[in-house]
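Okay, my_file_37.pdb is below, PDB, C-alpha atoms:
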ATOM      1  CA  MET D 247       0.468 -52.100  27.751  1.00  0.00           C
ATOM      2  CA  LYS D 248      -0.908 -53.944  24.779  1.00  0.00           C
ATOM      3  CA  ALA D 249      -2.777 -51.917  22.116  1.00  0.00           C
ATOM      4  CA  THR D 250      -6.253 -53.161  21.293  1.00  0.00           C
ATOM      5  CA  ARG D 251      -7.807 -53.017  17.906  1.00  0.00           C
ATOM      6  CA  PRO D 252     -11.463 -53.618  17.295  1.00  0.00           C
ATOM      7  CA  THR D 253     -12.106 -56.838  15.555  1.00  0.00           C
ATOM      8  CA  PRO D 254     -14.146 -56.822  12.367  1.00  0.00           C
ATOM      9  CA  LEU D 255     -16.912 -58.865  14.037  1.00  0.00           C
ATOM     10  CA  ALA D 256     -17.347 -56.311  16.808  1.00  0.00           C
ATOM     11  CA  VAL D 257     -17.541 -53.404  14.343  1.00  0.00           C
ATOM     12  CA  ALA D 258     -19.892 -55.137  11.881  1.00  0.00           C
ATOM     13  CA  PRO D 259     -23.162 -54.414  13.758  1.00  0.00           C
ATOM     14  CA  LEU D 260     -22.223 -50.753  14.062  1.00  0.00           C
ATOM     15  CA  LEU D 261     -21.479 -50.507  10.343  1.00  0.00           C
ATOM     16  CA  LEU D 262     -24.756 -52.231   9.457  1.00  0.00           C
ATOM     17  CA  MET D 263     -26.690 -49.825  11.655  1.00  0.00           C
ATOM     18  CA  LEU D 264     -24.982 -46.802  10.081  1.00  0.00           C
ATOM     19  CA  ALA D 265     -25.631 -48.138   6.596  1.00  0.00           C
ATOM     20  CA  ALA D 266     -29.307 -48.642   7.391  1.00  0.00           C
ATOM     21  CA  CYS D 267     -29.653 -45.035   8.587  1.00  0.00           C
ATOM     22  CA  GLY D 268     -27.707 -43.352   5.823  1.00  0.00           C
ATOM     23  CA  GLY D 269     -29.012 -42.509   2.377  1.00  0.00           C
ATOM     24  CA  GLN D 270     -32.697 -42.887   3.156  1.00  0.00           C
ATOM     25  CA  GLY D 271     -34.425 -39.940   4.764  1.00  0.00           C
ATOM     26  CA  PRO D 272     -38.137 -39.380   5.102  1.00  0.00           C
ATOM     27  CA  SER D 273     -38.304 -38.328   1.445  1.00  0.00           C
ATOM     28  CA  ALA D 274     -37.305 -41.831   0.339  1.00  0.00           C
ATOM     29  CA  ARG D 275     -40.453 -43.355   1.892  1.00  0.00           C
ATOM     30  CA  SER D 276     -43.427 -43.980  -0.298  1.00  0.00           C
ATOM     31  CA  ASP D 277     -47.080 -43.658   0.692  1.00  0.00           C
ATOM     32  CA  ALA D 278     -47.321 -47.435   0.478  1.00  0.00           C
ATOM     33  CA  ASP D 279     -44.881 -47.649   3.409  1.00  0.00           C
ATOM     34  CA  THR D 280     -47.139 -45.486   5.620  1.00  0.00           C
ATOM     35  CA  PRO D 281     -49.514 -47.545   7.762  1.00  0.00           C
ATOM     36  CA  THR D 282     -53.156 -46.492   7.846  1.00  0.00           C
ATOM     37  CA  ALA D 283     -54.311 -44.710  10.977  1.00  0.00           C
ATOM     38  CA  GLY D 284     -56.373 -46.647  13.478  1.00  0.00           C
ATOM     39  CA  PRO D 285     -59.148 -45.208  15.647  1.00  0.00           C
ATOM     40  CA  VAL D 286     -56.742 -43.928  18.310  1.00  0.00           C
ATOM     41  CA  GLU D 287     -54.561 -42.157  15.750  1.00  0.00           C
ATOM     42  CA  ALA D 288     -57.626 -40.677  14.042  1.00  0.00           C
ATOM     43  CA  ALA D 289     -58.953 -39.342  17.360  1.00  0.00           C
ATOM     44  CA  ALA D 290     -55.575 -37.863  18.226  1.00  0.00           C
ATOM     45  CA  SER D 291     -55.429 -36.249  14.795  1.00  0.00           C
ATOM     46  CA  GLY D 292     -58.810 -34.618  15.399  1.00  0.00           C
ATOM     47  CA  ILE D 293     -57.640 -33.263  18.742  1.00  0.00           C
ATOM     48  CA  VAL D 294     -54.508 -31.869  17.126  1.00  0.00           C
ATOM     49  CA  GLU D 295     -56.611 -30.100  14.491  1.00  0.00           C
ATOM     50  CA  GLU D 296     -58.846 -28.637  17.213  1.00  0.00           C
ATOM     51  CA  VAL D 297     -55.811 -27.350  19.119  1.00  0.00           C
ATOM     52  CA  ARG D 298     -54.363 -25.840  15.931  1.00  0.00           C
ATOM     53  CA  SER D 299     -57.705 -24.148  15.248  1.00  0.00           C
ATOM     54  CA  ALA D 300     -57.847 -22.687  18.751  1.00  0.00           C
ATOM     55  CA  ALA D 301     -54.251 -21.521  18.536  1.00  0.00           C
ATOM     56  CA  ALA D 302     -54.947 -19.822  15.194  1.00  0.00           C
ATOM     57  CA  GLY D 303     -57.728 -17.788  16.796  1.00  0.00           C
ATOM     58  CA  ARG D 304     -61.389 -18.042  17.524  1.00  0.00           C
ATOM     59  CA  PRO D 305     -63.461 -16.258  14.919  1.00  0.00           C
ATOM     60  CA  ILE D 306     -66.408 -14.283  16.243  1.00  0.00           C
ATOM     61  CA  PRO D 307     -69.725 -15.985  15.431  1.00  0.00           C
ATOM     62  CA  ARG D 308     -72.151 -13.601  13.696  1.00  0.00           C
ATOM     63  CA  GLU D 309     -75.257 -15.765  13.913  1.00  0.00           C
ATOM     64  CA  GLY D 310     -78.065 -13.934  15.691  1.00  0.00           C
ATOM     65  CA  LEU D 311     -76.181 -10.639  16.066  1.00  0.00           C
ATOM     66  CA  PRO D 312     -77.849  -7.449  14.816  1.00  0.00           C
ATOM     67  CA  ASP D 313     -76.066  -5.627  11.977  1.00  0.00           C
ATOM     68  CA  TYR D 314     -75.127  -2.735  14.258  1.00  0.00           C
ATOM     69  CA  VAL D 315     -72.972  -5.034  16.436  1.00  0.00           C
ATOM     70  CA  GLU D 316     -69.729  -4.801  14.473  1.00  0.00           C
ATOM     71  CA  THR D 317     -66.409  -6.275  15.604  1.00  0.00           C
ATOM     72  CA  TYR D 318     -62.857  -5.156  14.922  1.00  0.00           C
ATOM     73  CA  ALA D 319     -60.876  -7.085  12.266  1.00  0.00           C
ATOM     74  CA  ASN D 320     -58.951 -10.130  13.549  1.00  0.00           C
ATOM     75  CA  GLY D 321     -60.891 -10.125  16.811  1.00  0.00           C
ATOM     76  CA  ARG D 322     -60.835 -13.320  18.871  1.00  0.00           C
ATOM     77  CA  TYR D 323     -64.115 -14.580  20.361  1.00  0.00           C
ATOM     78  CA  LEU D 324     -64.210 -14.930  24.146  1.00  0.00           C
ATOM     79  CA  THR D 325     -67.842 -15.397  25.211  1.00  0.00           C
ATOM     80  CA  SER D 326     -71.428 -14.335  24.552  1.00  0.00           C
ATOM     81  CA  MET D 327     -75.004 -14.689  25.767  1.00  0.00           C
ATOM     82  CA  THR D 328     -78.447 -13.836  24.460  1.00  0.00           C
ATOM     83  CA  LEU D 329     -81.588 -12.349  25.985  1.00  0.00           C
ATOM     84  CA  ASN D 330     -85.126 -12.850  24.739  1.00  0.00           C
ATOM     85  CA  ASN D 331     -88.301 -11.904  26.594  1.00  0.00           C
ATOM     86  CA  ASP D 332     -91.675 -10.271  25.933  1.00  0.00           C
ATOM     87  CA  VAL D 333     -90.220  -6.746  26.074  1.00  0.00           C
ATOM     88  CA  ARG D 334     -86.858  -6.994  24.269  1.00  0.00           C
ATOM     89  CA  THR D 335     -84.218  -9.145  22.619  1.00  0.00           C
ATOM     90  CA  GLY D 336     -80.502  -8.656  23.008  1.00  0.00           C
ATOM     91  CA  GLY D 337     -77.343 -10.074  24.386  1.00  0.00           C
ATOM     92  CA  MET D 338     -73.711  -9.575  25.245  1.00  0.00           C
ATOM     93  CA  LEU D 339     -70.600 -10.337  23.202  1.00  0.00           C
ATOM     94  CA  MET D 340     -67.041 -10.225  24.512  1.00  0.00           C
ATOM     95  CA  TYR D 341     -63.986 -10.453  22.283  1.00  0.00           C
ATOM     96  CA  ALA D 342     -60.272  -9.589  22.293  1.00  0.00           C
ATOM     97  CA  ALA D 343     -58.870  -7.309  19.601  1.00  0.00           C
ATOM     98  CA  PRO D 344     -55.300  -6.590  18.492  1.00  0.00           C
ATOM     99  CA  ALA D 345     -55.662  -2.804  18.816  1.00  0.00           C
ATOM    100  CA  SER D 346     -55.298  -0.008  21.325  1.00  0.00           C
ATOM    101  CA  ALA D 347     -58.224   1.273  23.357  1.00  0.00           C
ATOM    102  CA  ALA D 348     -58.228   4.536  21.365  1.00  0.00           C
ATOM    103  CA  GLU D 349     -58.430   2.644  18.043  1.00  0.00           C
ATOM    104  CA  LEU D 350     -61.310   0.541  19.347  1.00  0.00           C
ATOM    105  CA  VAL D 351     -63.235   3.563  20.652  1.00  0.00           C
ATOM    106  CA  ALA D 352     -62.909   5.232  17.239  1.00  0.00           C
ATOM    107  CA  PHE D 353     -63.923   2.027  15.412  1.00  0.00           C
ATOM    108  CA  HIS D 354     -67.029   1.346  17.525  1.00  0.00           C
ATOM    109  CA  ARG D 355     -68.176   4.987  17.493  1.00  0.00           C
ATOM    110  CA  ALA D 356     -67.893   5.043  13.680  1.00  0.00           C
ATOM    111  CA  ALA D 357     -69.760   1.704  13.457  1.00  0.00           C
ATOM    112  CA  MET D 358     -72.603   3.093  15.566  1.00  0.00           C
ATOM    113  CA  GLU D 359     -72.870   6.158  13.337  1.00  0.00           C
ATOM    114  CA  ARG D 360     -72.889   3.978  10.180  1.00  0.00           C
ATOM    115  CA  HIS D 361     -75.929   2.166  11.574  1.00  0.00           C
ATOM    116  CA  GLY D 362     -77.877   5.297  12.496  1.00  0.00           C
ATOM    117  CA  MET D 363     -77.006   5.339  16.194  1.00  0.00           C
ATOM    118  CA  THR D 364     -75.930   8.418  18.096  1.00  0.00           C
ATOM    119  CA  PRO D 365     -72.982   7.538  20.343  1.00  0.00           C
ATOM    120  CA  GLY D 366     -72.619   9.283  23.697  1.00  0.00           C
ATOM    121  CA  GLU D 367     -69.400  10.562  25.187  1.00  0.00           C
ATOM    122  CA  ALA D 368     -66.766   7.994  26.079  1.00  0.00           C
ATOM    123  CA  THR D 369     -65.720   7.986  29.717  1.00  0.00           C
ATOM    124  CA  SER D 370     -62.689   6.223  31.182  1.00  0.00           C
ATOM    125  CA  ARG D 371     -62.154   5.061  34.732  1.00  0.00           C
ATOM    126  CA  PRO D 372     -59.663   2.854  36.542  1.00  0.00           C
ATOM    127  CA  VAL D 373     -60.999  -0.531  37.634  1.00  0.00           C
ATOM    128  CA  ARG D 374     -58.527  -2.614  39.637  1.00  0.00           C
ATOM    129  CA  ASP D 375     -55.454  -2.906  37.399  1.00  0.00           C
ATOM    130  CA  ASN D 376     -57.344  -1.952  34.201  1.00  0.00           C
ATOM    131  CA  VAL D 377     -58.675   1.163  32.538  1.00  0.00           C
ATOM    132  CA  GLU D 378     -62.233   0.802  31.249  1.00  0.00           C
ATOM    133  CA  THR D 379     -63.640   3.121  28.613  1.00  0.00           C
ATOM    134  CA  SER D 380     -67.389   2.953  28.020  1.00  0.00           C
ATOM    135  CA  PHE D 381     -69.999   4.662  25.877  1.00  0.00           C
ATOM    136  CA  GLU D 382     -73.509   3.973  24.648  1.00  0.00           C
ATOM    137  CA  GLY D 383     -75.278   4.495  21.358  1.00  0.00           C
ATOM    138  CA  ARG D 384     -79.016   4.641  20.605  1.00  0.00           C
ATOM    139  CA  THR D 385     -81.121   4.779  17.496  1.00  0.00           C
ATOM    140  CA  ALA D 386     -83.216   7.905  16.906  1.00  0.00           C
ATOM    141  CA  ASP D 387     -86.412   6.096  17.920  1.00  0.00           C
ATOM    142  CA  GLY D 388     -84.744   4.742  21.086  1.00  0.00           C
ATOM    143  CA  ARG D 389     -85.711   1.146  20.311  1.00  0.00           C
ATOM    144  CA  SER D 390     -82.159  -0.176  19.887  1.00  0.00           C
ATOM    145  CA  SER D 391     -79.136   0.469  22.067  1.00  0.00           C
ATOM    146  CA  LEU D 392     -75.527  -0.668  22.186  1.00  0.00           C
ATOM    147  CA  THR D 393     -73.182  -0.240  25.150  1.00  0.00           C
ATOM    148  CA  VAL D 394     -69.464  -0.752  24.504  1.00  0.00           C
ATOM    149  CA  ILE D 395     -66.923  -1.263  27.280  1.00  0.00           C
ATOM    150  CA  ILE D 396     -63.274  -1.409  26.288  1.00  0.00           C
ATOM    151  CA  ILE D 397     -60.968  -2.959  28.881  1.00  0.00           C
ATOM    152  CA  ASP D 398     -57.357  -1.973  28.418  1.00  0.00           C
ATOM    153  CA  LYS D 399     -55.148  -4.384  30.345  1.00  0.00           C
ATOM    154  CA  SER D 400     -51.925  -3.280  28.602  1.00  0.00           C
ATOM    155  CA  GLU D 401     -51.566  -6.703  27.037  1.00  0.00           C
ATOM    156  CA  PRO D 402     -51.206  -7.559  23.365  1.00  0.00           C
ATOM    157  CA  ASP D 403     -55.010  -7.670  22.981  1.00  0.00           C
ATOM    158  CA  THR D 404     -57.622  -5.279  24.339  1.00  0.00           C
ATOM    159  CA  ILE D 405     -60.932  -6.738  25.538  1.00  0.00           C
ATOM    160  CA  VAL D 406     -64.238  -5.407  24.191  1.00  0.00           C
ATOM    161  CA  GLN D 407     -67.612  -6.109  25.782  1.00  0.00           C
ATOM    162  CA  MET D 408     -70.751  -5.115  23.892  1.00  0.00           C
ATOM    163  CA  THR D 409     -74.272  -5.268  25.313  1.00  0.00           C
ATOM    164  CA  TYR D 410     -77.091  -4.750  22.811  1.00  0.00           C
ATOM    165  CA  THR D 411     -80.898  -4.590  23.086  1.00  0.00           C
ATOM    166  CA  ASP D 412     -83.790  -4.182  20.700  1.00  0.00           C
ATOM    167  CA  GLU D 413     -87.241  -3.393  22.047  1.00  0.00           C
ATOM    168  CA  ARG D 414     -90.098  -5.354  20.520  1.00  0.00           C
TER
END
Could you take the file, read its structure, and then write that structure out as structure tokens?
Amino acid sequence: MKATRPTPLAVAPLLLMLAACGGQGPSARSDADTPTAGPVEAAASGIVEEVRSAAAGRPIPREGLPDYVETYANGRYLTSMTLNNDVRTGGMLMYAAPASAAELVAFHRAAMERHGMTPGEATSRPVRDNVETSFEGRTADGRSSLTVIIIDKSEPDTIVQMTYTDER
């Protein structure tokens, strides 16, 4: 059998390709080499930023919430609604918090007391595959109330639902 050796002409394209790749990494590029983004790239960039923002967490909006509706640090907003009629204003806020149910009960009871509310006893009950702990606080004049329901699903975050009302 005859031994074959690659000819220089057959190896030349491979050597040129290797030479083009070597020695110049991304750090060797200048900003002048970077093309400007078109409308499609700009839109995709905006979507990427939105996804990064959502992945980083959803801060809890405070606009329109009474002072006595406090939320645990690093809570992640889930949903909310507002109520406004001739008799009362109020709403509901639901968020997820990186804490145990016991920590959240203690936090929300202390928050109620800081704002002049008297919290009632916390009661726990099983609901499907969860344990819900709930309690209510009222101001001395009875015009404002806050009901807190803590849903412990044994996941990394515990869910908190707060329903608040202020009589007119």
Which one of D:Ser400, D:Thr409, D:Ser390, D:Thr379 sits closest to Ala348 in chain D if you count only C-alpha atoms?
->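 Closest to Ala348 in chain D, using only C-alpha atoms: D:Thr379.
Residue nearest Asn330 in chain D, chosen from D:Gly310, D:Arg304, D:Arg384, D:Asp375 and counting only C-alpha atoms: D:Gly310.
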Just so the selection is clear, what residues does the PyMOL selection byres ((chain D and resi 337-342) around 12) cover here, as number ranges by chain?
-> D: 303-312, 315-331, 334-336, 343-347, 350, 390-399, 401-412
Take every atom of range 394-403 of chain D listed in the file, pad by 6 Å on each side, and give me the axis-aligned box centre and edge lengths in Å, one decimal, as AutoDock Vina command-line options.
--center_x -60.3 --center_y -4.2 --center_z 26.7 --size_x 30.3 --size_y 18.9 --size_z 19.4
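Residues with any atom within 12 Å of Gly388 in chain D, counting only C-alpha atoms and excluding same-chain neighbours fewer than 6 positions away, are Gly362, Met363, Thr364, Glu382, Thr411, Asp412, Glu413 and Arg414 of chain D.
Counting from CA of Asn376 in chain D, the distance to CA of Arg355 in chain D is 21.1 Å.
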Enter the distance from CA of Tyr314 in chain D to CA of Ser370 in chain D, in Å, rounded to one decimal.
->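 Separation of CA of Tyr314 in chain D and CA of Ser370 in chain D: 22.8 Å.
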Between CA of Asp332 in chain D and CA of Met358 in chain D lies a distance of 25.5 Å
